[in-house]
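A.B. asks: One structure, pasted below without further comment.
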Protein chains: 2
Amino acid sequence: MTAAAGSGSEELAQGVLAGHARAIGRAITEVERDSGAVPGILRRLFPRTGRARIIGITGPPGAGKSTLVQRLGQTYRRSGHRVGIVAVDPSSPFTGGAILGDRIRMAELYTDPGVFIRSMATRGALGGLARATSDAVDVLDAAGYDVILIETVGVGQDEVDIVRAADTTVVVLVPGLGDDIQAIKAGILEIADVFVVNKAEREGADRAVAELSMMLDFAGHPPWRPPIVKTSAPSGTGVPEAVAAFEAHRAYLAGSGEGLRRRAVRARSRLLALLEDRFRRAVEARAPEPDGLEEAVRAVGERREDPYTAAGRLFDGLVRGAREAAARGPA
Amino acid sequence: MTAAAGSGSEELAQGVLAGHARAIGRAITEVERDSGAVPGILRRLFPRTGRARIIGITGPPGAGKSTLVQRLGQTYRRSGHRVGIVAVDPSSPFTGGAILGDRIRMAELYTDPGVFIRSMATRGALGGLARATSDAVDVLDAAGYDVILIETVGVGQDEVDIVRAADTTVVVLVPGLGDDIQAIKAGILEIADVFVVNKAEREGADRAVAELSMMLDFAGHPPWRPPIVKTSAPSGTGVPEAVAAFEAHRAYLAGSGEGLRRRAVRARSRLLALLEDRFRRAVEARAPEPDGLEEAVRAVGERREDPYTAAGRLFDGLVRGAREAAARGPA
């Protein structure tokens, strides 16, 4: 890191800690770009984090998450909280239009100085988006936003990784989605701390609640049984009850030790992701060297060498003590 | 690796090369388990791979992929090809029932000795499933199956990574899926070499073809424009045309140099995945050491140290020349 980058990140971090919106926005841009200034910014901000309640909101497209997030934000605002919203969009450029429409509906909140809203789009690897989300949450946390809502668009492993930055994970569903969507959403059921059945004015809302309830019965009796809340986001019906459910989960986390356990899991996955990112860069940086990745790609592509042998050779050249560890035999 | 594991993998590899179904099944089980025998097996098999045409088939749940794969397998069989099928299911245990139903419908093919069918389920990380799929394809390729069909269930980055093992990627869609599914599928449109509009007997098939065609017009004029084929898998209508489209793509790959380019891209992503896997294991193996991952997790969890500083320290201890590279400054 250059000295200039260092002093720039110090200034930026001070602006964030003072709660200046422009500094917060710029810091999140650095985070999104994964710039060289990020480690310096985070080093300065990190000791001031850990105060915000972080709520992740996920569910299939079309579940009305953006409107719900808007209503949640307003409800938390009314009880005097400062609210940060990170809307994460790991979708392709094709869907940009629809997402933009959702953002425009959030316009009401944009004029409130106690609210900070930021959309983050995928740039390359989705792993990078999970990292950027965690970092952006730290920026908002250090800036004094005491409720941070992370909204993800879509379903799947990628979204699971992103909402891992949250203390409380909310899965939003709607009545009447077909079996196809039901199948897709199975993967995210396991991560729910609270279920919200949104668009509850639609037919089938009670059936959806009953089906979810049966699935939870089927899953046994864990220490925390996710409550199911019906909401109708455009009118705001049920939104205070949703907030009450989040707060109940927060109390459970604090009282049970589960909160500490989750923060440790999060610290671990964040460290592993950063380590893997550095490793990938180290591999790429040395790729053109003799015995580097490029030569191995050629050897494997031409079937002169199998991928395991080639990877083993590259690994031995990169990692301290690799040959010695291999000689000691498998664990 | 122990000597016993080494000789076991030699025997297994010989069985695979001789085309023995039991050895092939056992080799794929080793691959699925990521056992210590895998590097030895692959080292032996790899020089005998590269002959099969590898076709990846993806698309949203409910698109009828399993029935289509069955029909494709039969069509290739009729022209004298040996067919391997790898059905990859990166879904949660919740959806197991539905998937099993699909598998049962493939029963016809199970009795054909010129066909090898294998389901692979997710065990832990999805990255591991992409690796296992590539390895399983190599096993089938070395065993003399000259057409290998990889079927994935679902949509998203995970499936994209899995079908990367293929020469030709087929995206299966159906008419009349709602806008929600249309939004989800956007991400997989870019990877299609051939589109199949399945369930073409349904209303809206021609409109679906016209919409896809417009999207392709919009995307400009790449050297290969993905053909769009209408099929009706239960009756087999359109399946020979689908096979003809795959063969046309194969001819394009061979004639244009794109085939070689793709194999290089695949070798690279496979090497990177293996390297990252080894790195992750090395990190875990040294986690309990002083200055290892466990202590760093505690420090970050208690906010005594920020994730970037902690990751940097761990990385320096693990990777050769890391400190020197950092001292040289950013690239």
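Each chain in the structure tokens gets a letter, A, B and so on, in the order shown; residues start at 1 in every chain, and ligands are counted from 1 in the order they appear.
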As a JSON list (two decimals) with C-alpha atoms, in the first residue's frame, please: the residues near stretch 241-258 of chain A (cut-off 9 Å, only C-alpha atoms, same-chain neighbours under 2 positions excluded).

C.D. replies:
```json
[["chain", "number", "residue", "atom", "x", "y", "z"],
["A", 53, "ARG", "CA", -28.38, -5.39, 14.77],
["A", 55, "ILE", "CA", -30.88, -8.40, 9.58],
["A", 72, "LEU", "CA", -39.22, -2.30, 7.86],
["A", 75, "THR", "CA", -40.90, 1.07, 11.25],
["A", 76, "TYR", "CA", -37.41, 1.05, 12.77],
["A", 167, "ASP", "CA", -27.42, -11.92, 12.96],
["A", 168, "THR", "CA", -31.02, -12.64, 11.99],
["A", 169, "THR", "CA", -31.98, -14.14, 8.65],
["A", 170, "VAL", "CA", -35.47, -13.49, 7.33],
["A", 193, "ASP", "CA", -34.69, -17.40, 11.74],
["A", 194, "VAL", "CA", -37.97, -15.71, 10.86],
["A", 195, "PHE", "CA", -40.37, -16.43, 8.01],
["A", 196, "VAL", "CA", -42.38, -13.64, 6.46],
["A", 224, "TRP", "CA", -35.37, -21.55, 18.33],
["A", 226, "PRO", "CA", -38.69, -19.61, 13.49],
["A", 227, "PRO", "CA", -41.90, -17.59, 13.88],
["A", 228, "ILE", "CA", -44.03, -17.06, 10.78],
["A", 229, "VAL", "CA", -45.36, -13.54, 10.24],
["A", 230, "LYS", "CA", -47.88, -12.48, 7.61],
["A", 231, "THR", "CA", -47.29, -9.08, 6.02],
["A", 237, "THR", "CA", -49.95, -4.59, 7.62],
["A", 238, "GLY", "CA", -47.99, -7.02, 9.78],
["A", 239, "VAL", "CA", -44.71, -5.09, 9.54],
["A", 260, "LEU", "CA", -21.63, -15.33, 20.13],
["A", 261, "ARG", "CA", -21.46, -18.64, 18.31],
["A", 262, "ARG", "CA", -22.75, -17.04, 15.11],
["A", 263, "ARG", "CA", -20.30, -14.17, 15.32]]
```

A.B. asks: So which residues of stretch 117-284 of chain A fall under alpha helix (DSSP H) by DSSP, listed as a ChimeraX atom specification?

C.D. replies: /A:126-142,157-163,179-189,205-218,239-256,258-284

A.B. asks: I want to know what sits within 9 Å of A:Arg164, based on only C-alpha atoms, with residues of the same chain fewer than 2 positions away left out; could you give that as a compact mmCIF listing (two decimals) with N, CA and C atoms, in the first residue's frame?

C.D. replies:
```
# COMPACT_ATOMS: atom_id res chain seq x y z
N GLY A 56 -30.69 -9.94 7.72
CA GLY A 56 -30.60 -10.32 6.31
C GLY A 56 -31.96 -10.76 5.81
N ALA A 130 -20.00 -11.36 -1.28
CA ALA A 130 -20.21 -11.66 0.13
C ALA A 130 -19.20 -10.88 0.99
N SER A 134 -20.11 -7.91 3.78
CA SER A 134 -19.63 -7.87 5.16
C SER A 134 -18.91 -6.56 5.46
N GLU A 159 -26.77 -16.41 -2.17
CA GLU A 159 -27.52 -15.57 -1.24
C GLU A 159 -27.29 -16.04 0.20
N VAL A 160 -27.19 -17.36 0.37
CA VAL A 160 -26.91 -17.89 1.70
C VAL A 160 -25.59 -17.32 2.22
N ASP A 161 -24.58 -17.30 1.35
CA ASP A 161 -23.29 -16.74 1.76
C ASP A 161 -23.41 -15.27 2.13
N ILE A 162 -24.22 -14.55 1.38
CA ILE A 162 -24.35 -13.12 1.64
C ILE A 162 -25.08 -12.86 2.96
N ALA A 166 -25.44 -11.57 8.48
CA ALA A 166 -26.52 -11.09 9.36
C ALA A 166 -26.58 -11.88 10.67
N ASP A 167 -27.12 -11.23 11.70
CA ASP A 167 -27.42 -11.92 12.96
C ASP A 167 -28.73 -12.70 12.82
N THR A 168 -29.69 -12.06 12.15
CA THR A 168 -31.02 -12.64 11.99
C THR A 168 -31.32 -12.75 10.50
N THR A 169 -31.68 -13.94 10.07
CA THR A 169 -31.98 -14.14 8.65
C THR A 169 -33.48 -14.32 8.46
N ARG A 262 -22.61 -17.49 16.50
CA ARG A 262 -22.75 -17.04 15.11
C ARG A 262 -21.69 -16.05 14.73
N VAL A 265 -18.64 -17.99 13.90
CA VAL A 265 -18.78 -18.64 12.58
C VAL A 265 -18.55 -17.62 11.48
N ARG A 266 -19.10 -16.43 11.69
CA ARG A 266 -18.97 -15.39 10.68
C ARG A 266 -17.52 -14.93 10.56
N SER A 269 -15.67 -17.61 8.55
CA SER A 269 -15.91 -17.69 7.12
C SER A 269 -15.35 -16.45 6.42
```

A.B. asks: My list of candidates is A:Pro288, A:Gly317, A:Gly8, A:Gly176. Which is closest to chain B when distances are computed with only C-alpha atoms?

C.D. replies: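 Nearest to chain B: A:Gly317.
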
A.B. asks: Please compute the atom CA of A:Ala21-atom CA of B:Glu305 distance, one decimal, in Å.

C.D. replies: 25.7 Å

A.B. asks: Nearest to B:Gly259: which of A:Gly73, A:Gly128, A:Gly15, A:Gly301 is it, counting only C-alpha atoms?

C.D. replies: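 Among the listed residues, the smallest separation from B:Gly259 belongs to A:Gly301.
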
A.B. asks: Can you pull out the residues contacting B:Thr58? Cut-off 9 Å, using only C-alpha atoms, and skip same-chain residues under 2 positions away; I want them as a short mmCIF file (atom, residue, chain, number, x, y, z; two decimals) with C-alpha atoms, in the first residue's frame.

C.D. replies:
```cif
data_model
loop_
_atom_site.label_atom_id
_atom_site.label_comp_id
_atom_site.auth_asym_id
_atom_site.auth_seq_id
_atom_site.Cartn_x
_atom_site.Cartn_y
_atom_site.Cartn_z
CA GLY B 56 -24.02 -30.22 -20.16
CA PRO B 60 -34.91 -24.44 -14.19
CA LYS B 65 -34.56 -32.20 -18.15
CA ILE B 150 -24.19 -33.94 -17.48
CA GLU B 151 -27.58 -32.96 -16.12
CA THR B 152 -27.85 -30.31 -13.40
CA VAL B 153 -30.94 -29.53 -11.40
CA GLY B 154 -31.58 -25.85 -10.84
CA VAL B 155 -30.22 -22.54 -11.98
CA GLU B 159 -24.85 -24.98 -12.04
CA VAL B 160 -22.78 -22.73 -14.27
CA VAL B 163 -21.64 -27.38 -16.66
CA THR B 169 -23.90 -26.37 -22.84
CA VAL B 170 -27.60 -26.85 -23.43
CA VAL B 171 -30.11 -24.63 -21.65
CA VAL B 172 -33.57 -26.18 -21.40
CA LEU B 173 -36.57 -23.90 -21.02
CA ILE B 188 -27.79 -18.91 -17.51
#
```

A.B. asks: Using DSSP on the backbone coordinates, identify the residues of stretch 112-271 of chain B assigned to strand (DSSP E); present them as a ChimeraX atom specification.

C.D. replies: /B:115-121,147-152,168-173,194-197,228-230

A.B. asks: For A:Leu140, list every protein, DNA or RNA residue within 12 Å, evaluated using only C-alpha atoms, and leave out those in the same chain fewer than 2 positions away; present the list as a PyMOL selection string.

C.D. replies: chain A and resi 13+15-21+23-28+31+42+45-46+48-54+82-86+114-118+133-138+142-150

A.B. asks: Have a look at B:Pro61, B:Leu314, B:Leu272, B:Asp206 and name the one nearest to A:Ala287; count only C-alpha atoms.

C.D. replies: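 Nearest to A:Ala287: B:Leu272.
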
A.B. asks: Between atom CA of A:Pro39 and atom CA of B:Tyr308, what distance in Å does the model show, to one decimal?

C.D. replies: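 Taking atom CA of A:Pro39 and atom CA of B:Tyr308, their separation equals 5.5 Å.
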
A.B. asks: Here is a test: counting only C-alpha atoms, which residue of B:Gly236, B:Pro222, B:Gly64, B:Pro290 is nearest to chain A?

C.D. replies: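 Looking only at the distances to chain A, the closest residue turns out to be B:Gly64.
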
A.B. asks: Suppose you want the space between atom CA of B:Gly59 and atom CA of A:Glu211; what is it in Å?

C.D. replies: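 Interatomic distance here is 26.7 Å.
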
A.B. asks: Identify which of the residues B:Ile41, B:Ala233, B:Ala200, B:Leu68 lies closest to chain A, counting only C-alpha atoms when measuring atom-to-atom distances.

C.D. replies: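 Checking each candidate against chain A, we get B:Ile41 as the closest.
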